[in-house]
>>> print(open('structure-v8.cif').read())   # mmCIF, C-alpha atoms and all ligand atoms
data_query
loop_
_atom_site.label_atom_id
_atom_site.label_comp_id
_atom_site.auth_asym_id
_atom_site.auth_seq_id
_atom_site.Cartn_x
_atom_site.Cartn_y
_atom_site.Cartn_z
CA MET A 30 25.99 -11.55 -10.48
CA ALA A 31 28.14 -14.54 -9.56
CA ARG A 32 26.33 -17.83 -9.64
CA LYS A 33 25.66 -19.56 -6.34
CA LYS A 34 27.40 -22.83 -5.51
CA ILE A 35 25.67 -26.00 -4.35
CA ALA A 36 27.68 -28.91 -2.94
CA LEU A 37 26.07 -32.34 -3.24
CA ILE A 38 27.42 -34.83 -0.72
CA GLY A 39 26.61 -38.22 -2.19
CA GLY A 40 26.61 -38.88 -5.91
CA GLY A 41 24.30 -41.86 -6.02
CA GLN A 42 20.77 -42.07 -7.38
CA ILE A 43 19.38 -38.93 -5.75
CA GLY A 44 22.66 -37.03 -6.09
CA GLY A 45 22.67 -37.59 -9.86
CA VAL A 46 19.13 -36.25 -10.32
CA LEU A 47 19.90 -33.31 -8.04
CA ALA A 48 22.84 -32.33 -10.26
CA GLN A 49 20.74 -32.69 -13.40
CA LEU A 50 17.84 -30.60 -12.08
CA ILE A 51 20.09 -27.88 -10.67
CA ALA A 52 21.89 -27.63 -14.03
CA GLN A 53 18.70 -27.63 -16.09
CA LYS A 54 17.19 -24.92 -13.91
CA GLU A 55 20.48 -22.96 -13.90
CA LEU A 56 20.10 -22.67 -10.16
CA ALA A 57 23.78 -22.84 -9.19
CA ASP A 58 27.19 -24.29 -10.01
CA VAL A 59 27.46 -27.85 -8.71
CA VAL A 60 30.21 -29.72 -6.90
CA MET A 61 29.38 -33.38 -6.35
CA PHE A 62 31.37 -35.20 -3.66
CA ASP A 63 31.37 -38.96 -3.17
CA ILE A 64 33.82 -41.41 -1.58
CA VAL A 65 33.62 -43.72 -4.60
CA GLU A 66 36.47 -42.84 -6.94
CA ASP A 67 35.47 -41.56 -10.38
CA LEU A 68 31.71 -41.82 -9.73
CA PRO A 69 31.02 -38.11 -9.11
CA GLN A 70 33.45 -37.17 -11.87
CA GLY A 71 31.62 -39.45 -14.32
CA LYS A 72 28.13 -38.28 -13.36
CA THR A 73 28.95 -34.57 -13.55
CA LEU A 74 30.82 -35.04 -16.84
CA ASP A 75 27.78 -36.76 -18.33
CA ILE A 76 25.46 -33.94 -17.22
CA ALA A 77 27.92 -31.23 -18.30
CA GLU A 78 28.06 -32.76 -21.76
CA ALA A 79 24.33 -32.15 -22.13
CA SER A 80 24.71 -28.43 -21.34
CA ARG A 81 24.54 -27.45 -25.01
CA ILE A 82 21.27 -29.30 -25.35
CA ASP A 83 19.86 -28.12 -22.02
CA ARG A 84 21.10 -24.57 -22.70
CA THR A 85 22.70 -24.11 -19.33
CA ASP A 86 26.00 -22.47 -18.38
CA VAL A 87 26.38 -23.84 -14.88
CA VAL A 88 29.71 -25.42 -14.04
CA LEU A 89 29.65 -29.00 -12.75
CA LYS A 90 32.52 -30.72 -10.99
CA GLY A 91 32.89 -34.16 -9.45
CA THR A 92 35.31 -34.76 -6.61
CA ASN A 93 36.53 -37.11 -3.90
CA GLU A 94 38.02 -34.28 -1.88
CA TYR A 95 36.14 -32.12 0.59
CA LYS A 96 38.26 -29.06 -0.15
CA ASP A 97 36.38 -28.69 -3.45
CA ILE A 98 33.16 -27.79 -1.60
CA ASP A 99 34.86 -24.66 -0.23
CA GLY A 100 32.59 -21.64 -0.45
CA ALA A 101 29.37 -23.59 -1.08
CA ASP A 102 26.27 -21.52 -0.32
CA LEU A 103 24.10 -24.60 0.04
CA VAL A 104 24.87 -28.26 0.75
CA ILE A 105 22.49 -31.12 -0.01
CA ILE A 106 23.34 -34.42 1.64
CA THR A 107 22.29 -37.83 0.30
CA ALA A 108 25.32 -39.80 1.50
CA GLY A 109 24.25 -43.10 3.01
CA VAL A 110 22.62 -46.34 2.05
CA PRO A 111 19.01 -46.54 0.84
CA ARG A 112 16.41 -49.12 1.87
CA LYS A 113 16.01 -52.55 0.36
CA PRO A 114 12.60 -54.26 0.17
CA GLY A 115 11.30 -55.17 3.63
CA MET A 116 13.46 -52.61 5.44
CA SER A 117 12.16 -49.62 7.38
CA ARG A 118 14.00 -46.29 7.25
CA ASP A 119 14.96 -46.82 10.89
CA ASP A 120 16.90 -49.98 9.95
CA LEU A 121 19.43 -47.66 8.27
CA LEU A 122 20.27 -45.84 11.50
CA ASP A 123 23.55 -47.50 12.46
CA THR A 124 25.14 -47.48 8.98
CA ASN A 125 24.01 -43.99 8.03
CA ALA A 126 24.87 -42.39 11.38
CA LYS A 127 28.50 -43.39 10.87
CA ILE A 128 28.45 -41.88 7.37
CA MET A 129 26.63 -38.72 8.51
CA LYS A 130 29.18 -38.07 11.25
CA SER A 131 32.03 -38.07 8.74
CA VAL A 132 30.04 -35.94 6.29
CA ALA A 133 29.25 -33.41 9.02
CA GLU A 134 32.94 -33.12 9.88
CA GLY A 135 33.81 -32.49 6.21
CA VAL A 136 31.09 -29.89 5.74
CA LYS A 137 31.94 -28.15 9.01
CA GLU A 138 35.54 -27.72 7.92
CA HIS A 139 34.99 -26.74 4.29
CA ALA A 140 31.59 -25.06 4.05
CA PRO A 141 31.11 -23.57 7.52
CA ASN A 142 28.71 -20.86 6.37
CA SER A 143 26.48 -23.01 4.21
CA ILE A 144 22.79 -23.78 4.59
CA VAL A 145 22.27 -27.53 4.67
CA ILE A 146 19.43 -29.74 3.44
CA ILE A 147 19.66 -33.38 4.48
CA ILE A 148 17.89 -36.21 2.64
CA SER A 149 19.66 -39.29 4.07
CA ASN A 150 17.49 -41.57 6.18
CA PRO A 151 16.33 -42.02 8.87
CA LEU A 152 15.76 -38.37 8.12
CA ASP A 153 14.95 -36.64 11.40
CA ALA A 154 17.74 -38.49 13.23
CA MET A 155 20.28 -37.68 10.52
CA VAL A 156 19.41 -33.98 10.65
CA THR A 157 19.77 -34.05 14.45
CA LEU A 158 23.17 -35.73 14.21
CA PHE A 159 24.47 -33.38 11.50
CA GLN A 160 23.54 -30.31 13.55
CA LYS A 161 25.05 -31.79 16.71
CA VAL A 162 28.40 -32.56 15.04
CA THR A 163 28.69 -29.25 13.18
CA GLY A 164 27.16 -26.97 15.81
CA PHE A 165 25.69 -24.97 12.88
CA PRO A 166 22.79 -22.68 13.88
CA HIS A 167 19.57 -24.71 13.76
CA GLN A 168 18.12 -22.30 11.23
CA ARG A 169 20.76 -23.39 8.69
CA VAL A 170 20.19 -27.15 9.08
CA MET A 171 17.01 -28.84 7.90
CA GLY A 172 15.70 -32.05 6.38
CA GLN A 173 13.76 -32.73 3.22
CA ALA A 174 10.85 -35.08 3.66
CA GLY A 175 7.61 -33.13 3.94
CA VAL A 176 7.76 -31.63 0.46
CA LEU A 177 7.97 -35.11 -1.03
CA ASP A 178 5.41 -36.70 1.30
CA SER A 179 3.02 -33.81 0.60
CA SER A 180 3.54 -34.14 -3.15
CA ARG A 181 2.75 -37.84 -2.94
CA PHE A 182 -0.44 -37.07 -0.99
CA ALA A 183 -1.41 -34.36 -3.51
CA THR A 184 -0.81 -36.76 -6.40
CA PHE A 185 -3.15 -39.38 -4.95
CA ILE A 186 -5.82 -36.72 -4.32
CA ALA A 187 -5.53 -35.42 -7.91
CA TRP A 188 -5.90 -38.94 -9.31
CA GLU A 189 -8.93 -39.63 -7.10
CA LEU A 190 -10.71 -36.34 -7.90
CA ASP A 191 -9.63 -36.19 -11.55
CA VAL A 192 -8.24 -32.66 -11.25
CA SER A 193 -4.86 -31.16 -12.06
CA VAL A 194 -2.35 -31.88 -9.33
CA GLN A 195 -1.24 -28.26 -9.72
CA ASP A 196 -4.43 -27.14 -8.00
CA VAL A 197 -4.08 -29.52 -5.05
CA ASN A 198 -2.68 -28.22 -1.77
CA ALA A 199 -1.96 -30.89 0.80
CA MET A 200 0.54 -31.06 3.61
CA VAL A 201 2.15 -33.86 5.59
CA LEU A 202 3.66 -33.15 9.00
CA GLY A 203 5.58 -35.15 11.60
CA GLY A 204 8.57 -37.44 11.36
CA HIS A 205 9.54 -39.02 8.05
CA GLY A 206 8.43 -42.51 9.00
CA ASP A 207 5.32 -44.62 8.98
CA THR A 208 3.77 -42.35 11.64
CA MET A 209 3.83 -39.24 9.40
CA VAL A 210 0.65 -37.14 9.55
CA PRO A 211 -1.11 -36.20 6.28
CA LEU A 212 -3.45 -33.32 7.21
CA THR A 213 -6.76 -34.33 5.66
CA ARG A 214 -8.81 -31.43 7.04
CA TYR A 215 -6.57 -28.79 5.45
CA ALA A 216 -6.20 -30.55 2.07
CA ASN A 217 -7.93 -28.55 -0.65
CA VAL A 218 -8.29 -28.04 -4.40
CA ASN A 219 -7.82 -24.31 -4.99
CA GLY A 220 -9.47 -23.66 -1.65
CA ILE A 221 -12.26 -26.24 -1.83
CA PRO A 222 -11.81 -28.83 0.93
CA VAL A 223 -10.95 -32.27 -0.47
CA MET A 224 -13.30 -33.90 2.05
CA GLU A 225 -16.21 -31.85 0.68
CA MET A 226 -15.34 -32.86 -2.89
CA LEU A 227 -15.17 -36.51 -1.86
CA GLU A 228 -18.52 -36.30 -0.07
CA ARG A 229 -20.12 -34.77 -3.16
CA LYS A 230 -18.51 -37.38 -5.40
CA TYR A 231 -19.72 -40.33 -3.33
CA GLY A 232 -22.84 -38.73 -1.76
CA ASP A 233 -21.91 -40.49 1.44
CA ALA A 234 -19.70 -39.18 4.28
CA ALA A 235 -18.64 -42.66 5.41
CA LYS A 236 -17.49 -43.65 1.93
CA ALA A 237 -15.65 -40.31 1.54
CA LYS A 238 -13.80 -40.98 4.80
CA GLU A 239 -12.91 -44.47 3.66
CA VAL A 240 -11.44 -43.13 0.40
CA MET A 241 -9.48 -40.44 2.26
CA ASP A 242 -8.18 -42.98 4.78
CA ALA A 243 -6.91 -45.13 1.92
CA MET A 244 -5.07 -42.15 0.39
CA VAL A 245 -3.55 -41.31 3.78
CA GLN A 246 -2.39 -44.89 4.21
CA ARG A 247 -0.89 -44.98 0.71
CA THR A 248 0.94 -41.69 1.42
CA LYS A 249 2.44 -43.09 4.61
CA MET A 250 3.66 -46.19 2.80
CA ALA A 251 4.51 -44.49 -0.52
CA GLY A 252 8.27 -44.74 -0.06
CA GLY A 253 8.00 -48.45 0.63
CA GLU A 254 5.73 -48.94 -2.40
CA VAL A 255 8.50 -47.59 -4.66
CA VAL A 256 11.20 -49.63 -2.87
CA LYS A 257 9.15 -52.79 -3.42
CA LEU A 258 8.83 -52.06 -7.14
CA LEU A 259 12.43 -50.96 -7.74
CA LYS A 260 13.88 -53.81 -5.66
CA THR A 261 17.41 -52.34 -5.73
CA GLY A 262 16.95 -48.97 -4.01
CA SER A 263 14.47 -46.29 -3.08
CA ALA A 264 12.76 -43.36 -4.78
CA PHE A 265 15.25 -40.97 -6.30
CA TYR A 266 13.54 -38.64 -8.76
CA SER A 267 10.90 -37.23 -6.40
CA PRO A 268 13.20 -36.68 -3.39
CA ALA A 269 15.62 -34.77 -5.62
CA ALA A 270 12.82 -32.63 -7.10
CA ALA A 271 11.60 -31.88 -3.57
CA ALA A 272 15.03 -30.79 -2.33
CA VAL A 273 15.55 -28.61 -5.42
CA SER A 274 12.31 -26.76 -4.70
CA MET A 275 13.57 -26.08 -1.15
CA ALA A 276 17.00 -25.03 -2.48
CA THR A 277 15.34 -22.65 -4.94
CA SER A 278 13.30 -20.99 -2.22
CA ILE A 279 16.46 -20.51 -0.15
CA LEU A 280 18.83 -19.30 -2.88
CA LYS A 281 16.24 -17.02 -4.46
CA ASP A 282 14.86 -15.91 -1.09
CA GLN A 283 11.36 -16.82 -2.22
CA LYS A 284 10.05 -17.34 1.32
CA ARG A 285 7.90 -20.26 0.24
CA LEU A 286 5.92 -22.02 2.94
CA MET A 287 6.79 -25.70 2.84
CA PRO A 288 6.95 -28.56 5.31
CA ALA A 289 10.51 -29.44 6.35
CA SER A 290 12.24 -31.17 9.22
CA ALA A 291 13.03 -28.15 11.39
CA TYR A 292 14.26 -27.64 14.93
CA LEU A 293 11.46 -26.88 17.34
CA GLN A 294 11.89 -24.67 20.37
CA GLY A 295 8.44 -24.71 21.87
CA GLU A 296 6.47 -24.62 18.61
CA PHE A 297 3.79 -27.32 18.45
CA GLY A 298 4.63 -27.93 22.15
CA VAL A 299 7.95 -29.57 21.21
CA ASN A 300 11.31 -28.58 22.58
CA GLY A 301 14.67 -29.64 21.21
CA TYR A 302 13.73 -31.98 18.36
CA TYR A 303 13.76 -31.88 14.58
CA VAL A 304 10.27 -32.66 13.28
CA GLY A 305 8.45 -32.06 9.99
CA VAL A 306 6.45 -28.81 10.30
CA PRO A 307 5.46 -25.92 8.01
CA VAL A 308 8.31 -23.43 7.66
CA VAL A 309 9.15 -20.38 5.60
CA LEU A 310 12.34 -20.92 3.58
CA GLY A 311 14.42 -17.92 2.55
CA GLU A 312 17.98 -16.68 2.31
CA ASN A 313 18.58 -17.39 6.00
CA GLY A 314 17.35 -20.98 5.77
CA VAL A 315 14.41 -21.79 8.04
CA GLU A 316 13.21 -18.24 8.63
CA ARG A 317 10.30 -19.25 10.84
CA VAL A 318 8.14 -22.15 11.86
CA VAL A 319 4.46 -21.68 11.08
CA GLU A 320 2.04 -23.10 13.63
CA LEU A 321 -1.53 -24.10 12.86
CA SER A 322 -4.41 -25.30 14.96
CA LEU A 323 -4.89 -29.05 15.22
CA ASN A 324 -7.97 -30.91 16.41
CA ASP A 325 -7.70 -33.72 18.96
CA GLU A 326 -7.24 -36.45 16.35
CA GLU A 327 -4.54 -34.51 14.46
CA ARG A 328 -2.78 -33.59 17.69
CA ALA A 329 -2.74 -37.23 18.83
CA ALA A 330 -1.32 -38.35 15.47
CA LEU A 331 1.38 -35.67 15.59
CA ASP A 332 2.26 -36.57 19.19
CA LYS A 333 2.65 -40.21 18.16
CA SER A 334 4.93 -39.17 15.30
CA ILE A 335 7.01 -36.94 17.58
CA LYS A 336 7.37 -39.85 20.02
CA ALA A 337 8.73 -41.96 17.15
CA VAL A 338 11.31 -39.27 16.32
CA GLU A 339 12.29 -39.01 19.98
CA GLY A 340 12.69 -42.79 20.15
CA LEU A 341 14.92 -42.77 17.08
CA VAL A 342 17.11 -40.01 18.51
CA GLU A 343 17.39 -42.01 21.77
CA ASP A 344 18.42 -45.12 19.78
CA MET A 345 21.06 -43.04 18.04
CA LYS A 346 22.40 -41.82 21.38
CA ARG A 347 22.55 -45.41 22.64
CA LEU A 348 24.69 -46.21 19.59
CA GLY A 349 27.12 -43.54 20.79
CA TYR A 350 26.19 -40.63 18.51
P1 LIG A 401 22.56 -44.30 -3.31
O1 LIG A 401 22.24 -44.35 -4.75
O2 LIG A 401 23.11 -45.53 -2.66
O3 LIG A 401 23.59 -43.09 -3.08
C1 LIG A 401 24.20 -42.86 -1.88
C2 LIG A 401 25.62 -42.40 -2.18
O4 LIG A 401 26.27 -42.06 -0.95
C3 LIG A 401 26.50 -43.47 -2.85
O5 LIG A 401 27.00 -43.01 -4.10
C4 LIG A 401 27.63 -43.69 -1.85
O6 LIG A 401 28.89 -43.95 -2.46
C5 LIG A 401 27.62 -42.36 -1.12
N1 LIG A 401 28.32 -42.41 0.16
C6 LIG A 401 28.39 -43.43 1.05
N2 LIG A 401 29.16 -43.08 2.09
C7 LIG A 401 29.56 -41.80 1.86
C8 LIG A 401 30.36 -40.89 2.57
N3 LIG A 401 30.92 -41.21 3.75
N4 LIG A 401 30.57 -39.68 2.04
C9 LIG A 401 30.00 -39.33 0.85
N5 LIG A 401 29.26 -40.16 0.13
C10 LIG A 401 29.03 -41.37 0.65
O7 LIG A 401 21.28 -43.86 -2.45
P2 LIG A 401 20.12 -42.82 -2.87
O8 LIG A 401 20.74 -41.65 -3.53
O9 LIG A 401 19.03 -43.56 -3.54
O10 LIG A 401 19.58 -42.42 -1.41
C11 LIG A 401 20.40 -41.67 -0.54
C12 LIG A 401 19.76 -41.55 0.84
O11 LIG A 401 18.54 -40.82 0.75
C13 LIG A 401 19.40 -42.87 1.51
O12 LIG A 401 19.76 -42.83 2.87
C14 LIG A 401 17.90 -42.97 1.35
O13 LIG A 401 17.29 -43.75 2.36
C15 LIG A 401 17.52 -41.52 1.47
N6 LIG A 401 16.20 -41.16 0.93
C16 LIG A 401 15.51 -40.19 1.56
C17 LIG A 401 14.27 -39.79 1.08
C18 LIG A 401 13.52 -38.72 1.79
O14 LIG A 401 12.53 -38.25 1.29
C19 LIG A 401 13.97 -38.23 3.08
C20 LIG A 401 13.74 -40.39 -0.06
C21 LIG A 401 14.46 -41.37 -0.69
C22 LIG A 401 15.71 -41.76 -0.19
#
>>> encode(input="structure-v8.cif", output="C-alpha cells", more="lines below")
Ligand code: A3D
Amino acid sequence: MARKKIALIGGGQIGGVLAQLIAQKELADVVMFDIVEDLPQGKTLDIAEASRIDRTDVVLKGTNEYKDIDGADLVIITAGVPRKPGMSRDDLLDTNAKIMKSVAEGVKEHAPNSIVIIISNPLDAMVTLFQKVTGFPHQRVMGQAGVLDSSRFATFIAWELDVSVQDVNAMVLGGHGDTMVPLTRYANVNGIPVMEMLERKYGDAAKAKEVMDAMVQRTKMAGGEVVKLLKTGSAFYSPAAAAVSMATSILKDQKRLMPASAYLQGEFGVNGYYVGVPVVLGENGVERVVELSLNDEERAALDKSIKAVEGLVEDMKRLGY
C-alpha cells in the first residue's frame, strides 16, 4: 500500500517536531513548506539522516514551492508567528491572518482534496479564515487546540491525584483562548469522577473544589505559562504531539473521539462558527460532532467562550478578511 502524504505548512518549532513524530511513527511521507529559504530543506534533511536510527522508511522533503505539496492527503498548518511573553493569542490576529490567507490560496491550488488541521493562532479565527478562502467542505477543515488543552488538564489532574496520566480522561471545550472550558464534572480516572477522588483525598468538598478550580485556571493559562518560561516562543512539542494524534485518527480511520475546533451547524446551539467541541475523526475528517449535556454553569462558560470566538471573527472581518 502506498504511503500517505502529509504536507506541513510552516517549518518552525512546531513544524520540526511534527516532521520528526510523523517520521518516527511511520505515519506518512512528509513535505515541509516554509517561505524561509533552506530552512525546511535543512530540517527535513536532519530528520531524514536519523532514519537509520529511528528505523523508518518515510520520505522527507523540504521545499519553498507549493507545487511540492501536490497530492497531499493531509495538511497541517503552523505558518505564522507565535506569542512572546505578555501577548495574548488574539494579539497575533492581524499578522497571522495575512499569512493564513496566502497559505490557504497555496493549499487550495495544490492540495484541493486534502484534509486540513490548523494550529496557527488565534486558532478558531485562523480555521474560519482558511475555510472561507479555500471553500473546502467544513468537514475537511479543523483546528487543533482541544487535544492539547485536554492533555494539559489531564496532566495536572494526574500530578494532583498521583495516578498515571494514561488513566485520566479530561476534556476542554470552547475557543482556544483564556475563556476555554475544562469540563470538571466529566473528568475521571478510569471512570471514577475526579471530583469524588479529590473529595476523598481532602475529606472536604470546599477544599476539593478549590483544588479543582486551581487546576482549571492553570489549564486555561498553560500556554502562557510555557511562553513565560521559554521567553522566545510558545509551546511546540505538545501542540505537535496533539496534531499527530488527530492526523493518525484521520489517516488510519480510527474514529477517535477528540475535542477539535469544528464547524457548528446548530450543535450546542451554535450556527456558523468554528468552536472546540468533541468530534469523531476518521477518513472523512470531522465525521460528526458529539453533543453532551451541560449544566447551567458549564453552559454559561461555553456561551462566554463562544462569544469570544465570535468577537475574534468580527475583528478579523473588520480587518478586511
Ligand atoms: P515558529 O517557530 O515561528 O514557526 C512558524 C513558521 O512559519 C516559521 O518558520 C515561518 O518562517 C513560517 N511562516 C511564516 N510565514 C509563512 C508563510 N506565509 N508561509 C509558510 N510559512 C510561513 O512558530 P511555532 O511553530 O512555535 O508556532 C506556530 C503557530 O502555532 C503560532 O501561530 C503559534 O501561536 C501557534 N500555536 C498554536 C498552539 C495551539 O495549540 C493551537 C500551540 C502553540 C502554538
>>> axis_aligned_box(input="structure-v8.cif", around="ligand LIG 401 (chain A)", padding_each_side="5 Å", output="lines of an AutoDock Vina configuration file")
center_x = 21.7
center_y = -41.9
center_z = -0.5
size_x = 28.4
size_y = 17.3
size_z = 18.5
>>> closest_residue(input="structure-v8.cif", among="A:Thr208, A:Thr107, A:Thr248, A:Ser180", to="Glu327 of chain A", atoms="all atoms listed in the file")
A:Thr208
>>> closest_residue(input="structure-v8.cif", among="A:Ser267, A:Thr213, A:Asn219, A:Ser334", to="ligand LIG 401 (chain A)", atoms="only C-alpha atoms and all ligand atoms")
A:Ser267
>>> residues_near_point(input="structure-v8.cif", point="(33.6, -41.8, -1.4)", cutoff="12 Å", atoms="all atoms listed in the file", output="number ranges by chain")
A: 38-41, 61-70, 91-95, 108-109, 128, 131-132
>>> closest_residue(input="structure-v8.cif", among="A:Val255, A:Val162, A:Ala234, A:Val240", to="ligand LIG 401 (chain A)", atoms="all atoms listed in the file")
A:Val255
>>> residues_around(input="structure-v8.cif", residues="segment 190-207 of chain A", least_positions_apart="3", cutoff="7 Å", atoms="all atoms listed in the file", output="MDAnalysis selection string")
chainID A and resid 118 152:153 174:175 178:179 182:184 186:187 210:212 215:219 249:250 288 304:306 331 334:335 338
>>> closest_residue(input="structure-v8.cif", among="A:Gly349, A:Pro114, A:Pro151, A:Gly232", to="ligand LIG 401 (chain A)", atoms="all atoms listed in the file")
A:Pro151
>>> closest_residue(input="structure-v8.cif", among="A:Ile105, A:Val60, A:Leu258, A:Leu121", to="ligand LIG 401 (chain A)", atoms="all atoms listed in the file")
A:Leu121
>>> atom_distance(input="structure-v8.cif", atom1="atom CA of Arg317 of chain A", atom2="atom CA of Thr277 of chain A")
16.9 Å
>>> closest_residue(input="structure-v8.cif", among="A:Val273, A:Met244, A:Ile148, A:Val256", to="ligand LIG 401 (chain A)", atoms="all atoms listed in the file")
A:Ile148
>>> atom_distance(input="structure-v8.cif", atom1="atom CA of Gly340 of chain A", atom2="atom O13 of ligand LIG 401 (chain A)")
18.4 Å
>>> atom_distance(input="structure-v8.cif", atom1="atom CA of Met224 of chain A", atom2="atom CA of Asp325 of chain A")
17.8 Å
>>> residues_around(input="structure-v8.cif", residues="Gln283 of chain A", least_positions_apart="2", cutoff="9 Å", atoms="all atoms listed in the file", output="compact mmCIF listing (two decimals) with C-alpha atoms, keeping the file's coordinate frame")
# COMPACT_ATOMS: atom_id res chain seq x y z
CA THR A 277 15.34 -22.65 -4.94
CA SER A 278 13.30 -20.99 -2.22
CA ILE A 279 16.46 -20.51 -0.15
CA LEU A 280 18.83 -19.30 -2.88
CA LYS A 281 16.24 -17.02 -4.46
CA ARG A 285 7.90 -20.26 0.24
CA VAL A 309 9.15 -20.38 5.60
CA LEU A 310 12.34 -20.92 3.58
CA GLY A 311 14.42 -17.92 2.55
CA GLU A 312 17.98 -16.68 2.31
>>> residues_around(input="structure-v8.cif", residues="segment 295-297 of chain A", least_positions_apart="3", cutoff="10 Å", atoms="only C-alpha atoms", output="ChimeraX atom specification")
/A:292,300-302,304,306,318-323,328,331-332
>>> residues_around(input="structure-v8.cif", residues="Asp344 of chain A", least_positions_apart="4", cutoff="10 Å", atoms="all atoms listed in the file", output="PyMOL selection string")
chain A and resi 119+122-123+154+338-340+348-350
>>> residues_around(input="structure-v8.cif", residues="His167 of chain A", least_positions_apart="5", cutoff="10 Å", atoms="all atoms listed in the file", output="PyMOL selection string")
chain A and resi 144-145+156-157+160-161+291-293+303+314-315
>>> residues_near_point(input="structure-v8.cif", point="(19.5, -28.9, -14.9)", cutoff="10 Å", atoms="all atoms listed in the file", output="PyMOL selection string")
chain A and resi 46-57+76-77+79-80+83-87
>>> write_last_selection(input="structure-v8.cif", atoms="C-alpha atoms", output="PDB file, in the coordinates of the input")
ATOM      1  CA  VAL A  46      19.130 -36.250 -10.320  1.00  0.00           C
ATOM      2  CA  LEU A  47      19.900 -33.310  -8.040  1.00  0.00           C
ATOM      3  CA  ALA A  48      22.840 -32.330 -10.260  1.00  0.00           C
ATOM      4  CA  GLN A  49      20.740 -32.690 -13.400  1.00  0.00           C
ATOM      5  CA  LEU A  50      17.840 -30.600 -12.080  1.00  0.00           C
ATOM      6  CA  ILE A  51      20.090 -27.880 -10.670  1.00  0.00           C
ATOM      7  CA  ALA A  52      21.890 -27.630 -14.030  1.00  0.00           C
ATOM      8  CA  GLN A  53      18.700 -27.630 -16.090  1.00  0.00           C
ATOM      9  CA  LYS A  54      17.190 -24.920 -13.910  1.00  0.00           C
ATOM     10  CA  GLU A  55      20.480 -22.960 -13.900  1.00  0.00           C
ATOM     11  CA  LEU A  56      20.100 -22.670 -10.160  1.00  0.00           C
ATOM     12  CA  ALA A  57      23.780 -22.840  -9.190  1.00  0.00           C
ATOM     13  CA  ILE A  76      25.460 -33.940 -17.220  1.00  0.00           C
ATOM     14  CA  ALA A  77      27.920 -31.230 -18.300  1.00  0.00           C
ATOM     15  CA  ALA A  79      24.330 -32.150 -22.130  1.00  0.00           C
ATOM     16  CA  SER A  80      24.710 -28.430 -21.340  1.00  0.00           C
ATOM     17  CA  ASP A  83      19.860 -28.120 -22.020  1.00  0.00           C
ATOM     18  CA  ARG A  84      21.100 -24.570 -22.700  1.00  0.00           C
ATOM     19  CA  THR A  85      22.700 -24.110 -19.330  1.00  0.00           C
ATOM     20  CA  ASP A  86      26.000 -22.470 -18.380  1.00  0.00           C
ATOM     21  CA  VAL A  87      26.380 -23.840 -14.880  1.00  0.00           C
TER      22      VAL A  87
END
